[in-house]
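> This is the content of start_29.cif (mmCIF, C-alpha atoms (C1' of nucleotides)):
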```
data_target
#
loop_
_atom_site.label_atom_id
_atom_site.label_comp_id
_atom_site.auth_asym_id
_atom_site.auth_seq_id
_atom_site.Cartn_x
_atom_site.Cartn_y
_atom_site.Cartn_z
CA MET A 64 -1.04 -9.15 -18.52
CA ALA A 65 0.56 -7.36 -15.64
CA TYR A 66 1.77 -8.35 -12.19
CA TRP A 67 1.14 -6.64 -8.88
CA LEU A 68 1.77 -6.92 -5.19
CA PHE A 69 -0.96 -6.07 -2.68
CA LYS A 70 -0.08 -5.52 0.96
CA SER A 71 -2.46 -6.38 3.72
CA GLU A 72 -2.18 -6.51 7.47
CA PRO A 73 -3.20 -10.05 8.35
CA ASP A 74 -4.83 -8.89 11.59
CA ALA A 75 -7.19 -6.85 9.43
CA PHE A 76 -7.50 -9.04 6.33
CA SER A 77 -5.34 -12.10 5.73
CA ILE A 78 -4.85 -14.53 2.88
CA ASP A 79 -7.18 -16.86 4.77
CA ASP A 80 -9.84 -14.16 4.73
CA LEU A 81 -9.36 -13.78 1.00
CA ALA A 82 -9.60 -17.54 0.55
CA ALA A 83 -12.88 -17.52 2.46
CA ARG A 84 -14.32 -15.13 -0.12
CA ALA A 85 -13.61 -17.74 -2.79
CA ALA A 86 -14.91 -16.85 -6.25
CA ALA A 87 -16.81 -13.83 -4.95
CA GLY A 88 -13.55 -11.95 -4.53
CA GLU A 89 -12.89 -8.95 -2.34
CA PRO A 90 -13.26 -5.26 -3.21
CA TRP A 91 -9.90 -3.75 -2.32
CA ASP A 92 -11.27 -0.60 -0.79
CA GLY A 93 -9.56 1.96 1.39
CA VAL A 94 -6.55 2.77 -0.79
CA ARG A 95 -5.96 6.49 -0.17
CA ASN A 96 -2.67 7.08 -1.89
CA TYR A 97 -2.56 8.74 -5.29
CA GLN A 98 0.21 6.65 -6.75
CA ALA A 99 -1.59 3.47 -5.75
CA ARG A 100 -4.89 4.92 -6.94
CA ASN A 101 -3.45 5.61 -10.36
CA MET A 102 -2.31 2.02 -10.72
CA LEU A 103 -5.68 0.70 -9.60
CA ARG A 104 -7.65 3.02 -11.83
CA ASP A 105 -5.48 3.19 -14.92
CA GLN A 106 -3.37 0.10 -15.20
CA MET A 107 -5.04 -2.92 -13.66
CA ARG A 108 -6.95 -5.35 -15.82
CA ILE A 109 -9.07 -8.39 -15.11
CA GLY A 110 -6.80 -11.40 -14.97
CA ASP A 111 -3.70 -9.55 -13.82
CA SER A 112 -1.67 -11.58 -11.31
CA VAL A 113 -1.33 -10.53 -7.69
CA PHE A 114 1.13 -11.43 -4.96
CA PHE A 115 -0.68 -11.22 -1.64
CA TYR A 116 1.70 -9.84 0.99
CA HIS A 117 1.32 -9.75 4.75
CA SER A 118 2.67 -6.59 6.33
CA ASN A 119 3.00 -5.33 9.89
CA CYS A 120 3.13 -8.81 11.34
CA ARG A 121 5.58 -11.32 12.80
CA VAL A 122 6.93 -12.54 9.46
CA PRO A 123 6.18 -10.05 6.70
CA GLY A 124 6.24 -11.68 3.29
CA VAL A 125 4.42 -13.00 0.25
CA VAL A 126 1.88 -15.59 1.33
CA GLY A 127 -0.39 -16.25 -1.62
CA LEU A 128 -1.54 -15.64 -5.15
CA ALA A 129 -4.62 -13.81 -6.33
CA GLU A 130 -5.89 -12.19 -9.49
CA VAL A 131 -7.62 -8.98 -10.41
CA SER A 132 -11.26 -9.93 -10.90
CA SER A 133 -13.01 -6.68 -11.73
CA PRO A 134 -12.36 -3.50 -13.63
CA ALA A 135 -11.58 -0.43 -11.54
CA TYR A 136 -14.60 1.41 -10.17
CA PRO A 137 -15.11 4.18 -7.62
CA ASP A 138 -14.48 3.27 -3.99
CA ALA A 139 -17.85 3.97 -2.39
CA THR A 140 -16.43 3.83 1.14
CA ALA A 141 -15.04 7.30 0.42
CA PHE A 142 -18.62 8.62 0.20
CA ASP A 143 -19.83 7.03 3.42
CA PRO A 144 -19.43 9.27 6.51
CA ALA A 145 -19.66 6.18 8.69
CA ALA A 146 -16.86 4.39 6.90
CA HIS A 147 -13.37 4.33 8.26
CA TYR A 148 -11.99 5.51 4.94
CA PHE A 149 -14.54 8.27 4.40
CA ASP A 150 -13.11 11.18 2.42
CA PRO A 151 -15.40 14.23 2.30
CA LYS A 152 -13.40 15.53 -0.63
CA SER A 153 -14.27 12.60 -2.86
CA ASP A 154 -17.28 13.70 -4.88
CA PRO A 155 -19.52 10.94 -6.27
CA GLU A 156 -19.74 13.00 -9.46
CA ASN A 157 -15.97 13.02 -9.69
CA PRO A 158 -14.64 10.21 -7.51
CA ARG A 159 -11.19 10.59 -6.10
CA TRP A 160 -10.62 6.96 -5.05
CA TYR A 161 -10.93 3.74 -6.98
CA LEU A 162 -10.63 0.06 -6.28
CA VAL A 163 -10.46 -3.26 -8.04
CA GLU A 164 -11.65 -6.59 -6.74
CA ILE A 165 -9.20 -9.41 -6.25
CA ARG A 166 -9.91 -13.12 -6.13
CA TYR A 167 -8.03 -15.79 -4.22
CA LEU A 168 -6.05 -18.29 -6.25
CA ARG A 169 -3.91 -20.18 -3.75
CA HIS A 170 -1.66 -20.00 -0.73
CA LEU A 171 2.03 -20.30 -1.36
CA THR A 172 3.40 -23.53 0.04
CA ARG A 173 5.42 -21.36 2.41
CA THR A 174 5.80 -17.71 3.25
CA ILE A 175 8.46 -16.03 1.18
CA ALA A 176 9.63 -13.62 3.81
CA LEU A 177 10.69 -10.05 3.25
CA THR A 178 14.07 -10.94 4.76
CA GLU A 179 14.50 -13.59 2.07
CA LEU A 180 13.52 -11.19 -0.69
CA LYS A 181 16.09 -8.76 0.65
CA ASP A 182 18.78 -11.38 0.15
CA HIS A 183 18.36 -10.61 -3.55
CA ALA A 184 18.40 -6.84 -3.23
CA ASP A 185 21.60 -6.69 -5.24
CA GLY A 186 20.32 -9.16 -7.82
CA PRO A 187 17.00 -9.96 -9.44
CA LEU A 188 14.99 -7.88 -6.98
CA ALA A 189 17.19 -4.79 -7.06
CA ASP A 190 14.43 -2.57 -8.44
CA MET A 191 11.62 -3.81 -6.24
CA PRO A 192 10.09 -0.98 -4.22
CA LEU A 193 9.03 -3.46 -1.56
CA ILE A 194 12.53 -4.14 -0.33
CA ARG A 195 13.57 -0.52 -0.25
CA ARG A 196 13.67 1.08 3.16
CA GLY A 197 10.76 3.30 3.98
CA ASN A 198 8.62 2.09 1.13
CA ARG A 199 4.98 2.66 1.95
CA LEU A 200 3.10 1.81 -1.22
CA SER A 201 0.30 -0.61 -0.42
CA VAL A 202 -0.09 -1.63 -4.05
CA MET A 203 2.90 -1.87 -6.35
CA PRO A 204 3.88 -3.20 -9.73
CA VAL A 205 5.96 -6.35 -10.10
CA THR A 206 7.87 -7.07 -13.28
CA ALA A 207 7.51 -10.38 -15.08
CA GLN A 208 11.10 -11.17 -14.16
CA GLN A 209 10.55 -10.39 -10.48
CA TRP A 210 7.36 -12.43 -10.48
CA ALA A 211 9.06 -15.48 -11.96
CA PHE A 212 12.03 -15.17 -9.65
CA ILE A 213 9.95 -14.88 -6.48
CA LEU A 214 7.69 -17.74 -7.46
CA GLY A 215 10.83 -19.74 -8.12
CA LEU A 216 11.80 -19.34 -4.48
CA GLU A 217 8.67 -21.13 -3.32
"C1'" DG B 269 6.48 -0.28 21.47
"C1'" DC B 270 9.90 2.37 18.94
"C1'" DC B 271 10.98 5.17 15.41
"C1'" DA B 272 12.53 6.19 10.53
"C1'" DA B 273 10.54 7.29 6.39
"C1'" DC B 274 7.08 8.98 3.88
"C1'" DG B 275 2.76 11.51 2.01
"C1'" DT B 276 -0.40 15.07 3.04
"C1'" DT B 277 -1.92 19.30 4.92
"C1'" DG B 278 -2.12 24.03 5.59
"C1'" DG B 279 -0.01 28.47 6.97
"C1'" DC B 280 2.46 31.88 4.94
"C1'" DG C 255 4.87 27.28 -4.18
"C1'" DC C 256 7.57 26.33 -0.08
"C1'" DC C 257 8.15 23.71 3.81
"C1'" DA C 258 7.29 22.56 8.77
"C1'" DA C 259 4.12 19.95 11.27
"C1'" DC C 260 1.55 16.12 11.50
"C1'" DG C 261 -0.38 11.44 10.97
"C1'" DT C 262 0.50 6.95 9.17
"C1'" DT C 263 3.06 2.96 7.66
"C1'" DG C 264 5.49 -0.90 8.66
"C1'" DG C 265 9.96 -3.20 9.83
"C1'" DC C 266 12.26 -4.37 13.69
#
```
Would you write the structure of this file as C-alpha cells?


Amino acid sequence: MAYWLFKSEPDAFSIDDLAARAAAGEPWDGVRNYQARNMLRDQMRIGDSVFFYHSNCRVPGVVGLAEVSSPAYPDATAFDPAAHYFDPKSDPENPRWYLVEIRYLRHLTRTIALTELKDHADGPLADMPLIRRGNRLSVMPVTAQQWAFILGLE
DNA sequence: GCCAACGTTGGC
DNA sequence: GCCAACGTTGGC
C-alpha cells in the first residue's frame, strides 16, 4: 500500500469540503500534469493513504488524512467544453487525463505547516519534493518513512 | 500582490 | 529537436 500527498487550494476545495463528502468521496478531477497523471493512472490503488495538503493559503501545510477510494478512470471534465479543465486534445477513445476518487478519513489535530516540514529538510524529509523550492506537483508520492515521520509530528 | 520556478507550446 | 515565450503555481 502506497502513500501520497494531494495538494488543494482551500479556497477552492478544503479538507472541510472533503469531510462534507463523507463516504461518497470526491473525484480528483482537473489534474493536467503528465507526471501527476502517470501516478494517478498507473500507481494508485484503492486503500492507498493520502495526506491532504492546503496550498496557496495563509498557512500551507498538511491538514488531514484521506484514502484512495476508486481505481483510476478517465477524467470526463477533459471532454466537456463547458468545464474549466476542458482539453480538446483528450479523446474519449484515448483519454489523456485520469483521476482517482479520494475519501475523507480525518482532520489532523493541528496543521503541520510547510515551514515545520522544512525544518527537517536536512533530515527525514530531505527527499520530499514538497519542500523543494519551485516544486509544482499537485500530487506526489510519500515514502513510508516520510509518512510515519510527518504523522509523528502531529 | 510579487515573482521565482516550472511545464507546455509552438515557431523555426 | 531546440528553446524562447508564455501561462500557471504557490510561497512569501

> Return as an mmCIF file with C-alpha atoms (C1' of nucleotides), in the coordinates of the input the residues belonging to chain C that are within 10 Å of chain A, counting all atoms listed in the file.


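Contents of selection_6.cif, as written:
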```cif
data_model
loop_
_atom_site.group_PDB
_atom_site.id
_atom_site.type_symbol
_atom_site.label_atom_id
_atom_site.label_comp_id
_atom_site.auth_asym_id
_atom_site.auth_seq_id
_atom_site.Cartn_x
_atom_site.Cartn_y
_atom_site.Cartn_z
ATOM 1 C "C1'" DT C 262 0.500 6.950 9.170
ATOM 2 C "C1'" DT C 263 3.060 2.960 7.660
ATOM 3 C "C1'" DG C 264 5.490 -0.900 8.660
ATOM 4 C "C1'" DG C 265 9.960 -3.200 9.830
ATOM 5 C "C1'" DC C 266 12.260 -4.370 13.690
#
```

> Could you tell me how far atom CA of A:Ala83 sits from atom CA of A:Ala146, in Å to one decimal place?

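Interatomic distance, atom CA of A:Ala146 to atom CA of A:Ala83: 22.7 Å.
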
> Would you mind reading off the distance between atom CA of A:Arg100 and atom CA of A:Trp160, one decimal, in Å?

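Atom CA of A:Trp160 lies 6.4 Å from atom CA of A:Arg100.
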
> Can you measure atom CA of A:Pro187 to atom CA of A:Ser77 for me? One decimal in Å is fine.

27.1 Å

> Write out as a PyMOL selection string which residues come within 8 Å of A:Asp92 when counting all atoms listed in the file, dropping same-chain ones fewer than 4 positions away.

chain A and resi 138+140+161-163

> Identify, on the basis of all atoms listed in the file, every residue whose closest approach to A:Trp67 does not exceed 7 Å; exclude the query and any residue fewer than 2 positions from it along the same chain; express the result as an NGL selection string.

:A and (65 or 69 or 112-114 or 203-205)

> Rank nothing, just name the residue among A:Leu103, A:Ala85, A:Ala189, A:Ala211 nearest to A:Arg166, using all atoms listed in the file.

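Checking each of A:Leu103, A:Ala85, A:Ala189, A:Ala211 against A:Arg166, counting all atoms listed in the file, the winner is A:Ala85.
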
> My list of candidates is A:Thr172, A:Gln209, A:Asn96, A:Gln106. Which is closest to A:Leu188 when distances are computed with only C-alpha atoms?

A:Gln209

> Translate the PyMOL selection byres ((chain A and resi 88) around 10) into a concrete residue list for this structure, as a PyMOL selection string.

chain A and resi 81-87+89-91+129-133+163-168

> So which one's closest to A:Tyr66, A:Gly127, A:Pro137, A:Pro144, A:Gly110? Using only C-alpha atoms, please.

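Going through A:Gly127, A:Pro137, A:Pro144, A:Gly110 one by one, the smallest distance to A:Tyr66 is for A:Gly110.
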
> I would like the residues chosen by the PyMOL selection byres ((chain A and resi 213) around 12) on the shown file; could you give them as JSON, numbers by chain?

{"A": [66, 68, 114, 124, 125, 126, 127, 128, 171, 173, 174, 175, 176, 177, 179, 180, 181, 182, 183, 186, 187, 188, 191, 205, 206, 207, 208, 209, 210, 211, 212, 214, 215, 216, 217]}

> Would you save the residues from that selection as a compact mmCIF listing (two decimals), in the frame of the given file, using C-alpha atoms?


```
# COMPACT_ATOMS: atom_id res chain seq x y z
CA TYR A 66 1.77 -8.35 -12.19
CA LEU A 68 1.77 -6.92 -5.19
CA PHE A 114 1.13 -11.43 -4.96
CA GLY A 124 6.24 -11.68 3.29
CA VAL A 125 4.42 -13.00 0.25
CA VAL A 126 1.88 -15.59 1.33
CA GLY A 127 -0.39 -16.25 -1.62
CA LEU A 128 -1.54 -15.64 -5.15
CA LEU A 171 2.03 -20.30 -1.36
CA ARG A 173 5.42 -21.36 2.41
CA THR A 174 5.80 -17.71 3.25
CA ILE A 175 8.46 -16.03 1.18
CA ALA A 176 9.63 -13.62 3.81
CA LEU A 177 10.69 -10.05 3.25
CA GLU A 179 14.50 -13.59 2.07
CA LEU A 180 13.52 -11.19 -0.69
CA LYS A 181 16.09 -8.76 0.65
CA ASP A 182 18.78 -11.38 0.15
CA HIS A 183 18.36 -10.61 -3.55
CA GLY A 186 20.32 -9.16 -7.82
CA PRO A 187 17.00 -9.96 -9.44
CA LEU A 188 14.99 -7.88 -6.98
CA MET A 191 11.62 -3.81 -6.24
CA VAL A 205 5.96 -6.35 -10.10
CA THR A 206 7.87 -7.07 -13.28
CA ALA A 207 7.51 -10.38 -15.08
CA GLN A 208 11.10 -11.17 -14.16
CA GLN A 209 10.55 -10.39 -10.48
CA TRP A 210 7.36 -12.43 -10.48
CA ALA A 211 9.06 -15.48 -11.96
CA PHE A 212 12.03 -15.17 -9.65
CA LEU A 214 7.69 -17.74 -7.46
CA GLY A 215 10.83 -19.74 -8.12
CA LEU A 216 11.80 -19.34 -4.48
CA GLU A 217 8.67 -21.13 -3.32
```

> Apply the PyMOL selection byres ((chain A and resi 142) around 10) to the structure shown and report the selected residues as an MDAnalysis selection string.

chainID A and resid 137:141 143:146 148:155 158:160
